[in-house]
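Student: Contents of coords36.tsv (TSV, N, CA and C atoms) are below:
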chain	number	residue	atom	x	y	z
A	1	MET	N	-8.45	-228.66	-4.17
A	1	MET	CA	-9.54	-227.71	-4.15
A	1	MET	C	-10.85	-228.51	-4.08
A	2	ILE	N	-11.77	-228.04	-3.26
A	2	ILE	CA	-13.09	-228.66	-3.12
A	2	ILE	C	-14.15	-227.58	-3.36
A	3	LYS	N	-15.24	-227.99	-3.98
A	3	LYS	CA	-16.28	-227.03	-4.38
A	3	LYS	C	-17.61	-227.42	-3.76
A	4	LEU	N	-18.32	-226.40	-3.25
A	4	LEU	CA	-19.68	-226.57	-2.76
A	4	LEU	C	-20.62	-225.99	-3.81
A	5	THR	N	-21.56	-226.79	-4.27
A	5	THR	CA	-22.60	-226.35	-5.20
A	5	THR	C	-23.91	-226.35	-4.44
A	6	PHE	N	-24.66	-225.25	-4.54
A	6	PHE	CA	-25.90	-225.06	-3.79
A	6	PHE	C	-26.97	-224.61	-4.78
A	7	CYS	N	-27.91	-225.49	-5.12
A	7	CYS	CA	-28.99	-225.19	-6.06
A	7	CYS	C	-30.14	-224.58	-5.29
A	8	LEU	N	-30.43	-223.32	-5.55
A	8	LEU	CA	-31.34	-222.55	-4.70
A	8	LEU	C	-32.76	-222.46	-5.27
A	9	ARG	N	-33.69	-222.69	-4.38
A	9	ARG	CA	-35.11	-222.41	-4.65
A	9	ARG	C	-35.53	-221.35	-3.63
A	10	ARG	N	-36.29	-220.40	-4.10
A	10	ARG	CA	-36.72	-219.28	-3.25
A	10	ARG	C	-37.87	-219.71	-2.34
A	11	LEU	N	-38.04	-218.97	-1.26
A	11	LEU	CA	-39.21	-219.15	-0.40
A	11	LEU	C	-40.46	-218.79	-1.21
A	12	PRO	N	-41.58	-219.47	-0.97
A	12	PRO	CA	-42.78	-219.29	-1.79
A	12	PRO	C	-43.34	-217.87	-1.83
A	13	HIS	N	-43.14	-217.10	-0.79
A	13	HIS	CA	-43.71	-215.75	-0.77
A	13	HIS	C	-42.88	-214.73	-1.55
A	14	LEU	N	-41.73	-215.12	-2.08
A	14	LEU	CA	-40.87	-214.21	-2.82
A	14	LEU	C	-40.99	-214.42	-4.32
A	15	SER	N	-41.00	-213.34	-5.08
A	15	SER	CA	-40.88	-213.46	-6.54
A	15	SER	C	-39.42	-213.80	-6.85
A	16	ARG	N	-39.17	-214.28	-8.05
A	16	ARG	CA	-37.79	-214.57	-8.41
A	16	ARG	C	-36.95	-213.30	-8.34
A	17	GLU	N	-37.51	-212.17	-8.77
A	17	GLU	CA	-36.78	-210.91	-8.74
A	17	GLU	C	-36.44	-210.49	-7.31
A	18	GLU	N	-37.40	-210.63	-6.39
A	18	GLU	CA	-37.14	-210.29	-4.98
A	18	GLU	C	-36.06	-211.20	-4.41
A	19	PHE	N	-36.18	-212.50	-4.70
A	19	PHE	CA	-35.21	-213.47	-4.23
A	19	PHE	C	-33.81	-213.11	-4.73
A	20	GLN	N	-33.67	-212.89	-6.03
A	20	GLN	CA	-32.36	-212.63	-6.61
A	20	GLN	C	-31.78	-211.30	-6.13
A	21	ARG	N	-32.62	-210.31	-5.94
A	21	ARG	CA	-32.15	-209.01	-5.43
A	21	ARG	C	-31.59	-209.18	-4.01
A	22	TYR	N	-32.35	-209.89	-3.15
A	22	TYR	CA	-31.88	-210.10	-1.78
A	22	TYR	C	-30.57	-210.88	-1.80
A	23	TRP	N	-30.53	-211.94	-2.58
A	23	TRP	CA	-29.34	-212.79	-2.65
A	23	TRP	C	-28.12	-211.98	-3.08
A	24	ARG	N	-28.29	-211.15	-4.10
A	24	ARG	CA	-27.18	-210.37	-4.66
A	24	ARG	C	-26.80	-209.19	-3.76
A	25	GLU	N	-27.80	-208.47	-3.23
A	25	GLU	CA	-27.52	-207.21	-2.52
A	25	GLU	C	-27.35	-207.37	-1.01
A	26	GLN	N	-27.95	-208.38	-0.41
A	26	GLN	CA	-27.86	-208.56	1.04
A	26	GLN	C	-26.95	-209.74	1.41
A	27	HIS	N	-27.23	-210.90	0.80
A	27	HIS	CA	-26.49	-212.10	1.20
A	27	HIS	C	-25.05	-212.11	0.67
A	28	ALA	N	-24.85	-211.71	-0.57
A	28	ALA	CA	-23.50	-211.74	-1.15
A	28	ALA	C	-22.49	-210.93	-0.32
A	29	PRO	N	-22.83	-209.69	0.09
A	29	PRO	CA	-21.88	-208.95	0.93
A	29	PRO	C	-21.59	-209.65	2.26
A	30	LEU	N	-22.58	-210.37	2.79
A	30	LEU	CA	-22.38	-211.10	4.04
A	30	LEU	C	-21.40	-212.25	3.82
A	31	VAL	N	-21.54	-212.96	2.71
A	31	VAL	CA	-20.58	-214.02	2.38
A	31	VAL	C	-19.18	-213.42	2.22
A	32	ALA	N	-19.09	-212.32	1.50
A	32	ALA	CA	-17.79	-211.68	1.30
A	32	ALA	C	-17.16	-211.26	2.63
A	33	GLU	N	-17.98	-210.77	3.53
A	33	GLU	CA	-17.49	-210.35	4.85
A	33	GLU	C	-16.88	-211.52	5.63
A	34	HIS	N	-17.46	-212.71	5.47
A	34	HIS	CA	-17.01	-213.88	6.24
A	34	HIS	C	-16.10	-214.83	5.44
A	35	ALA	N	-15.78	-214.48	4.21
A	35	ALA	CA	-15.02	-215.39	3.35
A	35	ALA	C	-13.70	-215.83	3.96
A	36	ARG	N	-12.91	-214.89	4.42
A	36	ARG	CA	-11.60	-215.24	4.98
A	36	ARG	C	-11.75	-216.13	6.21
A	37	THR	N	-12.68	-215.79	7.09
A	37	THR	CA	-12.90	-216.57	8.31
A	37	THR	C	-13.30	-218.01	7.99
A	38	LEU	N	-14.13	-218.18	6.96
A	38	LEU	CA	-14.62	-219.51	6.60
A	38	LEU	C	-13.74	-220.24	5.59
A	39	GLY	N	-12.71	-219.59	5.10
A	39	GLY	CA	-11.81	-220.22	4.14
A	39	GLY	C	-12.38	-220.29	2.73
A	40	ILE	N	-13.32	-219.40	2.41
A	40	ILE	CA	-13.91	-219.38	1.08
A	40	ILE	C	-12.92	-218.67	0.14
A	41	LEU	N	-12.48	-219.39	-0.89
A	41	LEU	CA	-11.52	-218.84	-1.83
A	41	LEU	C	-12.18	-218.13	-3.00
A	42	ARG	N	-13.38	-218.61	-3.35
A	42	ARG	CA	-14.13	-218.01	-4.47
A	42	ARG	C	-15.61	-218.25	-4.22
A	43	TYR	N	-16.43	-217.28	-4.60
A	43	TYR	CA	-17.89	-217.38	-4.45
A	43	TYR	C	-18.53	-216.82	-5.70
A	44	VAL	N	-19.37	-217.61	-6.36
A	44	VAL	CA	-20.03	-217.19	-7.59
A	44	VAL	C	-21.52	-217.45	-7.45
A	45	GLN	N	-22.32	-216.48	-7.89
A	45	GLN	CA	-23.77	-216.64	-7.96
A	45	GLN	C	-24.17	-216.73	-9.42
A	46	ALA	N	-24.97	-217.74	-9.77
A	46	ALA	CA	-25.54	-217.87	-11.11
A	46	ALA	C	-27.05	-217.68	-10.98
A	47	HIS	N	-27.55	-216.54	-11.46
A	47	HIS	CA	-28.96	-216.19	-11.34
A	47	HIS	C	-29.73	-216.69	-12.56
A	48	THR	N	-30.80	-217.43	-12.32
A	48	THR	CA	-31.63	-217.93	-13.41
A	48	THR	C	-32.31	-216.77	-14.13
A	49	GLY	N	-32.32	-216.86	-15.43
A	49	GLY	CA	-32.97	-215.87	-16.29
A	49	GLY	C	-33.24	-216.53	-17.63
A	50	HIS	N	-33.39	-215.74	-18.66
A	50	HIS	CA	-33.56	-216.28	-20.02
A	50	HIS	C	-34.70	-217.30	-20.06
A	51	ASP	N	-35.87	-216.88	-19.60
A	51	ASP	CA	-37.00	-217.81	-19.42
A	51	ASP	C	-37.40	-218.56	-20.69
A	52	ALA	N	-37.42	-217.89	-21.83
A	52	ALA	CA	-37.82	-218.57	-23.07
A	52	ALA	C	-36.81	-219.65	-23.45
A	53	LEU	N	-35.54	-219.35	-23.32
A	53	LEU	CA	-34.51	-220.36	-23.61
A	53	LEU	C	-34.60	-221.53	-22.64
A	54	ASN	N	-34.81	-221.23	-21.36
A	54	ASN	CA	-34.93	-222.29	-20.36
A	54	ASN	C	-36.13	-223.18	-20.64
A	55	ALA	N	-37.26	-222.58	-20.98
A	55	ALA	CA	-38.47	-223.35	-21.27
A	55	ALA	C	-38.24	-224.28	-22.45
A	56	ALA	N	-37.59	-223.81	-23.49
A	56	ALA	CA	-37.32	-224.64	-24.66
A	56	ALA	C	-36.36	-225.78	-24.30
A	57	MET	N	-35.34	-225.49	-23.53
A	57	MET	CA	-34.38	-226.52	-23.12
A	57	MET	C	-35.06	-227.58	-22.25
A	58	GLN	N	-35.87	-227.14	-21.30
A	58	GLN	CA	-36.57	-228.08	-20.41
A	58	GLN	C	-37.53	-228.94	-21.22
A	59	ALA	N	-38.26	-228.34	-22.14
A	59	ALA	CA	-39.23	-229.08	-22.95
A	59	ALA	C	-38.53	-230.12	-23.82
A	60	SER	N	-37.37	-229.78	-24.35
A	60	SER	CA	-36.66	-230.71	-25.24
A	60	SER	C	-36.14	-231.94	-24.50
A	61	ARG	N	-36.01	-231.84	-23.19
A	61	ARG	CA	-35.48	-232.94	-22.38
A	61	ARG	C	-36.48	-233.50	-21.39
A	62	GLY	N	-37.65	-232.88	-21.32
A	62	GLY	CA	-38.62	-233.32	-20.32
A	62	GLY	C	-38.15	-233.03	-18.91
A	63	GLY	N	-37.38	-231.96	-18.76
A	63	GLY	CA	-36.76	-231.66	-17.47
A	63	GLY	C	-37.66	-230.91	-16.51
A	64	PRO	N	-37.25	-230.85	-15.25
A	64	PRO	CA	-38.03	-230.13	-14.23
A	64	PRO	C	-37.82	-228.62	-14.34
A	65	GLU	N	-38.59	-227.89	-13.57
A	65	GLU	CA	-38.46	-226.44	-13.51
A	65	GLU	C	-37.05	-226.07	-13.02
A	66	ALA	N	-36.53	-224.98	-13.55
A	66	ALA	CA	-35.18	-224.54	-13.18
A	66	ALA	C	-35.13	-224.07	-11.73
A	67	TYR	N	-33.94	-224.14	-11.16
A	67	TYR	CA	-33.71	-223.52	-9.86
A	67	TYR	C	-33.74	-222.01	-10.04
A	68	ASP	N	-33.87	-221.29	-8.94
A	68	ASP	CA	-33.83	-219.83	-9.00
A	68	ASP	C	-32.41	-219.31	-9.12
A	69	GLY	N	-31.46	-220.15	-8.82
A	69	GLY	CA	-30.05	-219.80	-8.95
A	69	GLY	C	-29.18	-220.89	-8.39
A	70	VAL	N	-27.89	-220.76	-8.63
A	70	VAL	CA	-26.91	-221.71	-8.12
A	70	VAL	C	-25.76	-220.92	-7.51
A	71	ALA	N	-25.38	-221.29	-6.30
A	71	ALA	CA	-24.21	-220.70	-5.65
A	71	ALA	C	-23.07	-221.71	-5.71
A	72	GLU	N	-21.88	-221.22	-6.00
A	72	GLU	CA	-20.70	-222.07	-6.04
A	72	GLU	C	-19.64	-221.45	-5.14
A	73	LEU	N	-19.09	-222.28	-4.25
A	73	LEU	CA	-18.07	-221.81	-3.32
A	73	LEU	C	-16.90	-222.79	-3.35
A	74	TRP	N	-15.69	-222.24	-3.45
A	74	TRP	CA	-14.49	-223.06	-3.49
A	74	TRP	C	-13.70	-222.90	-2.19
A	75	PHE	N	-13.15	-224.03	-1.74
A	75	PHE	CA	-12.35	-224.08	-0.51
A	75	PHE	C	-11.05	-224.81	-0.83
A	76	GLU	N	-10.04	-224.61	0.00
A	76	GLU	CA	-8.73	-225.23	-0.22
A	76	GLU	C	-8.81	-226.75	-0.25
A	77	SER	N	-9.44	-227.33	0.77
A	77	SER	CA	-9.53	-228.79	0.85
A	77	SER	C	-10.54	-229.17	1.92
A	78	GLU	N	-10.92	-230.42	1.89
A	78	GLU	CA	-11.82	-230.95	2.93
A	78	GLU	C	-11.13	-230.88	4.29
A	79	GLU	N	-9.85	-231.17	4.31
A	79	GLU	CA	-9.09	-231.13	5.57
A	79	GLU	C	-9.04	-229.71	6.14
A	80	ALA	N	-8.83	-228.72	5.29
A	80	ALA	CA	-8.79	-227.33	5.75
A	80	ALA	C	-10.14	-226.92	6.31
A	81	MET	N	-11.21	-227.37	5.66
A	81	MET	CA	-12.55	-227.05	6.17
A	81	MET	C	-12.78	-227.70	7.53
A	82	ALA	N	-12.39	-228.96	7.65
A	82	ALA	CA	-12.59	-229.70	8.91
A	82	ALA	C	-11.77	-229.08	10.05
A	83	ALA	N	-10.62	-228.52	9.72
A	83	ALA	CA	-9.75	-227.92	10.74
A	83	ALA	C	-10.23	-226.54	11.16
A	84	ASN	N	-11.14	-225.95	10.40
A	84	ASN	CA	-11.60	-224.59	10.68
A	84	ASN	C	-12.76	-224.63	11.67
A	85	THR	N	-12.41	-224.82	12.94
A	85	THR	CA	-13.43	-224.94	14.00
A	85	THR	C	-13.35	-223.78	15.00
A	86	SER	N	-12.78	-222.68	14.56
A	86	SER	CA	-12.66	-221.53	15.47
A	86	SER	C	-14.04	-221.02	15.84
A	87	GLU	N	-14.11	-220.32	16.95
A	87	GLU	CA	-15.37	-219.72	17.39
A	87	GLU	C	-15.88	-218.72	16.34
A	88	ALA	N	-14.95	-217.99	15.72
A	88	ALA	CA	-15.32	-217.02	14.69
A	88	ALA	C	-15.95	-217.72	13.48
A	89	ALA	N	-15.40	-218.86	13.08
A	89	ALA	CA	-15.94	-219.60	11.93
A	89	ALA	C	-17.32	-220.17	12.24
A	90	ILE	N	-17.49	-220.67	13.44
A	90	ILE	CA	-18.80	-221.21	13.84
A	90	ILE	C	-19.84	-220.09	13.86
A	91	LYS	N	-19.46	-218.95	14.39
A	91	LYS	CA	-20.38	-217.80	14.43
A	91	LYS	C	-20.72	-217.31	13.02
A	92	ALA	N	-19.71	-217.24	12.15
A	92	ALA	CA	-19.93	-216.79	10.77
A	92	ALA	C	-20.85	-217.75	10.03
A	93	GLY	N	-20.63	-219.04	10.17
A	93	GLY	CA	-21.48	-220.04	9.53
A	93	GLY	C	-22.92	-219.94	10.00
A	94	ALA	N	-23.10	-219.73	11.30
A	94	ALA	CA	-24.45	-219.60	11.86
A	94	ALA	C	-25.13	-218.34	11.33
A	95	GLU	N	-24.38	-217.26	11.20
A	95	GLU	CA	-24.95	-216.01	10.68
A	95	GLU	C	-25.39	-216.17	9.23
A	96	LEU	N	-24.59	-216.85	8.42
A	96	LEU	CA	-24.97	-217.10	7.03
A	96	LEU	C	-26.21	-217.97	6.93
A	97	LEU	N	-26.29	-219.01	7.75
A	97	LEU	CA	-27.46	-219.89	7.74
A	97	LEU	C	-28.72	-219.12	8.14
A	98	GLU	N	-28.64	-218.29	9.16
A	98	GLU	CA	-29.81	-217.50	9.57
A	98	GLU	C	-30.27	-216.57	8.45
A	99	ASP	N	-29.31	-216.01	7.73
A	99	ASP	CA	-29.68	-215.14	6.61
A	99	ASP	C	-30.30	-215.96	5.48
A	100	GLU	N	-29.76	-217.15	5.21
A	100	GLU	CA	-30.32	-218.01	4.16
A	100	GLU	C	-31.79	-218.35	4.44
A	101	LYS	N	-32.14	-218.50	5.69
A	101	LYS	CA	-33.52	-218.83	6.05
A	101	LYS	C	-34.50	-217.72	5.67
A	102	LYS	N	-34.01	-216.52	5.41
A	102	LYS	CA	-34.86	-215.39	5.05
A	102	LYS	C	-35.31	-215.42	3.59
A	103	PHE	N	-34.59	-216.18	2.73
A	103	PHE	CA	-34.93	-216.13	1.31
A	103	PHE	C	-34.82	-217.47	0.57
A	104	ILE	N	-34.18	-218.46	1.15
A	104	ILE	CA	-34.00	-219.76	0.49
A	104	ILE	C	-34.93	-220.80	1.10
A	105	ASP	N	-35.58	-221.59	0.26
A	105	ASP	CA	-36.36	-222.76	0.68
A	105	ASP	C	-35.34	-223.87	0.90
A	106	LEU	N	-34.77	-223.92	2.08
A	106	LEU	CA	-33.66	-224.83	2.36
A	106	LEU	C	-34.02	-226.30	2.17
A	107	ALA	N	-35.25	-226.68	2.50
A	107	ALA	CA	-35.66	-228.08	2.38
A	107	ALA	C	-35.71	-228.54	0.93
A	108	ASN	N	-35.81	-227.60	-0.01
A	108	ASN	CA	-35.90	-227.95	-1.43
A	108	ASN	C	-34.73	-227.39	-2.24
A	109	SER	N	-33.62	-227.16	-1.57
A	109	SER	CA	-32.43	-226.60	-2.22
A	109	SER	C	-31.23	-227.50	-1.94
A	110	PRO	N	-30.99	-228.48	-2.83
A	110	PRO	CA	-29.89	-229.41	-2.59
A	110	PRO	C	-28.52	-228.74	-2.66
A	111	LEU	N	-27.57	-229.29	-1.90
A	111	LEU	CA	-26.20	-228.82	-1.95
A	111	LEU	C	-25.28	-230.00	-1.74
A	112	TRP	N	-24.08	-229.90	-2.29
A	112	TRP	CA	-23.12	-230.99	-2.18
A	112	TRP	C	-21.72	-230.48	-2.45
A	113	PHE	N	-20.74	-231.22	-1.93
A	113	PHE	CA	-19.33	-230.96	-2.20
A	113	PHE	C	-18.88	-231.86	-3.34
A	114	SER	N	-17.95	-231.34	-4.12
A	114	SER	CA	-17.47	-232.12	-5.27
A	114	SER	C	-16.05	-231.72	-5.62
A	115	ASP	N	-15.47	-232.53	-6.48
A	115	ASP	CA	-14.19	-232.22	-7.11
A	115	ASP	C	-14.49	-231.86	-8.55
A	116	GLU	N	-13.82	-230.86	-9.08
A	116	GLU	CA	-14.04	-230.45	-10.46
A	116	GLU	C	-13.03	-231.12	-11.38
A	117	TYR	N	-13.50	-231.48	-12.57
A	117	TYR	CA	-12.67	-232.01	-13.62
A	117	TYR	C	-12.95	-231.21	-14.88
A	118	ALA	N	-12.07	-230.28	-15.20
A	118	ALA	CA	-12.28	-229.42	-16.37
A	118	ALA	C	-12.17	-230.26	-17.64
A	119	VAL	N	-13.11	-230.09	-18.55
A	119	VAL	CA	-13.12	-230.81	-19.81
A	119	VAL	C	-12.82	-229.86	-20.97
A	120	VAL	N	-13.43	-228.70	-20.95
A	120	VAL	CA	-13.19	-227.67	-21.97
A	120	VAL	C	-12.80	-226.39	-21.25
A	121	GLY	N	-11.79	-225.72	-21.74
A	121	GLY	CA	-11.38	-224.46	-21.13
A	121	GLY	C	-10.52	-224.69	-19.98
Let me see whether you can do it: turn the structure in this file into structure tokens.
Tutor:
Amino acid sequence: MIKLTFCLRRLPHLSREEFQRYWREQHAPLVAEHARTLGILRYVQAHTGHDALNAAMQASRGGPEAYDGVAELWFESEEAMAANTSEAAIKAGAELLEDEKKFIDLANSPLWFSDEYAVVG
């Protein structure tokens, strides 16, 4: 299993509430629509909230401002992803990227693939 983690920052003209509403109500159904085509086994959105708790945690560590949210997507394997070069998959990926450009500051939203190692739970 391979996991994609995408730390999202919103476009400057959007409030956090507008960003999260669009992400949850518009983008999430689009991901769900294309999940089978793209080989997405699981998709989770973590929406930033709890501002007072976040501020205290950041202050205690000298950390940067929180992301507006984190998307997590699981796939079978790197090999399965590499083999998924169908026209439908390419079209679905392009459609998701075009939608992301409507609400995500892509240049300031890092993403990476990783392997998970459960420690607790």
Student: Between A:Tyr67, A:Arg61, A:Thr5, A:Lys91, which residue has the minimum interatomic distance to Gly49 in chain A, considering all atoms listed in the file?
Tutor: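 Among the listed residues, the smallest separation from Gly49 in chain A belongs to A:Tyr67.
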Student: To one decimal place, how far is atom N of Tyr43 in chain A from atom N of Ile2 in chain A in Å?
Tutor: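 Taking atom N of Tyr43 in chain A as the start and atom N of Ile2 in chain A as the end point, the length is 11.8 Å.
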Student: Nearest to Ala107 in chain A: which of A:Leu38, A:Ile90, A:Leu11, A:Ala52 is it, counting only C-alpha atoms?
Tutor: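 Ranked by minimum distance to Ala107 in chain A, first place goes to A:Leu11.
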Student: List the residues sitting within 7 Å of (-30.4, -215.1, -12.1) in the file's frame, using all atoms listed in the file, as a ChimeraX atom specification.
Tutor: /A:20,45-49,68-69
Student: CA of Phe75 in chain A to atom N of Phe19 in chain A: how many Å, to one decimal?
Tutor: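 Interatomic distance, CA of Phe75 in chain A to atom N of Phe19 in chain A: 26.8 Å.
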Student: Quick one: distance from CA of His34 in chain A to atom N of Lys101 in chain A in Å, one decimal?
Tutor: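 The value is 15.8 Å.
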Student: Taking N, CA, C and O atoms as the atom set, what does range 73-89 of chain A look like once completed, written as an mmCIF file, keeping the file's coordinate frame?
Tutor:
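Contents of rebuild11.cif, freshly written:
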data_model
loop_
_atom_site.group_PDB
_atom_site.id
_atom_site.type_symbol
_atom_site.label_atom_id
_atom_site.label_comp_id
_atom_site.auth_asym_id
_atom_site.auth_seq_id
_atom_site.Cartn_x
_atom_site.Cartn_y
_atom_site.Cartn_z
ATOM 1 N N LEU A 73 -19.090 -222.280 -4.250
ATOM 2 C CA LEU A 73 -18.070 -221.810 -3.320
ATOM 3 C C LEU A 73 -16.900 -222.790 -3.350
ATOM 4 O O LEU A 73 -17.099 -224.008 -3.279
ATOM 5 N N TRP A 74 -15.690 -222.240 -3.450
ATOM 6 C CA TRP A 74 -14.490 -223.060 -3.490
ATOM 7 C C TRP A 74 -13.700 -222.900 -2.190
ATOM 8 O O TRP A 74 -13.604 -221.796 -1.643
ATOM 9 N N PHE A 75 -13.150 -224.030 -1.740
ATOM 10 C CA PHE A 75 -12.350 -224.080 -0.510
ATOM 11 C C PHE A 75 -11.050 -224.810 -0.830
ATOM 12 O O PHE A 75 -10.977 -225.598 -1.772
ATOM 13 N N GLU A 76 -10.040 -224.610 0.000
ATOM 14 C CA GLU A 76 -8.730 -225.230 -0.220
ATOM 15 C C GLU A 76 -8.810 -226.750 -0.250
ATOM 16 O O GLU A 76 -8.306 -227.391 -1.155
ATOM 17 N N SER A 77 -9.440 -227.330 0.770
ATOM 18 C CA SER A 77 -9.530 -228.790 0.850
ATOM 19 C C SER A 77 -10.540 -229.170 1.920
ATOM 20 O O SER A 77 -10.930 -228.358 2.751
ATOM 21 N N GLU A 78 -10.920 -230.420 1.890
ATOM 22 C CA GLU A 78 -11.820 -230.950 2.930
ATOM 23 C C GLU A 78 -11.130 -230.880 4.290
ATOM 24 O O GLU A 78 -11.757 -230.534 5.299
ATOM 25 N N GLU A 79 -9.850 -231.170 4.310
ATOM 26 C CA GLU A 79 -9.090 -231.130 5.570
ATOM 27 C C GLU A 79 -9.040 -229.710 6.140
ATOM 28 O O GLU A 79 -9.194 -229.526 7.360
ATOM 29 N N ALA A 80 -8.830 -228.720 5.290
ATOM 30 C CA ALA A 80 -8.790 -227.330 5.750
ATOM 31 C C ALA A 80 -10.140 -226.920 6.310
ATOM 32 O O ALA A 80 -10.209 -226.215 7.330
ATOM 33 N N MET A 81 -11.210 -227.370 5.660
ATOM 34 C CA MET A 81 -12.550 -227.050 6.170
ATOM 35 C C MET A 81 -12.780 -227.700 7.530
ATOM 36 O O MET A 81 -13.304 -227.086 8.440
ATOM 37 N N ALA A 82 -12.390 -228.960 7.650
ATOM 38 C CA ALA A 82 -12.590 -229.700 8.910
ATOM 39 C C ALA A 82 -11.770 -229.080 10.050
ATOM 40 O O ALA A 82 -12.210 -229.099 11.200
ATOM 41 N N ALA A 83 -10.620 -228.520 9.720
ATOM 42 C CA ALA A 83 -9.750 -227.920 10.740
ATOM 43 C C ALA A 83 -10.230 -226.540 11.160
ATOM 44 O O ALA A 83 -9.791 -226.020 12.187
ATOM 45 N N ASN A 84 -11.140 -225.950 10.400
ATOM 46 C CA ASN A 84 -11.600 -224.590 10.680
ATOM 47 C C ASN A 84 -12.760 -224.630 11.670
ATOM 48 O O ASN A 84 -13.916 -224.472 11.315
ATOM 49 N N THR A 85 -12.410 -224.820 12.940
ATOM 50 C CA THR A 85 -13.430 -224.940 14.000
ATOM 51 C C THR A 85 -13.350 -223.780 15.000
ATOM 52 O O THR A 85 -13.829 -223.902 16.120
ATOM 53 N N SER A 86 -12.780 -222.680 14.560
ATOM 54 C CA SER A 86 -12.660 -221.530 15.470
ATOM 55 C C SER A 86 -14.040 -221.020 15.840
ATOM 56 O O SER A 86 -15.025 -221.215 15.118
ATOM 57 N N GLU A 87 -14.110 -220.320 16.950
ATOM 58 C CA GLU A 87 -15.370 -219.720 17.390
ATOM 59 C C GLU A 87 -15.880 -218.720 16.340
ATOM 60 O O GLU A 87 -17.078 -218.639 16.070
ATOM 61 N N ALA A 88 -14.950 -217.990 15.720
ATOM 62 C CA ALA A 88 -15.320 -217.020 14.690
ATOM 63 C C ALA A 88 -15.950 -217.720 13.480
ATOM 64 O O ALA A 88 -16.939 -217.236 12.918
ATOM 65 N N ALA A 89 -15.400 -218.860 13.080
ATOM 66 C CA ALA A 89 -15.940 -219.600 11.930
ATOM 67 C C ALA A 89 -17.320 -220.170 12.240
ATOM 68 O O ALA A 89 -18.228 -220.112 11.401
#
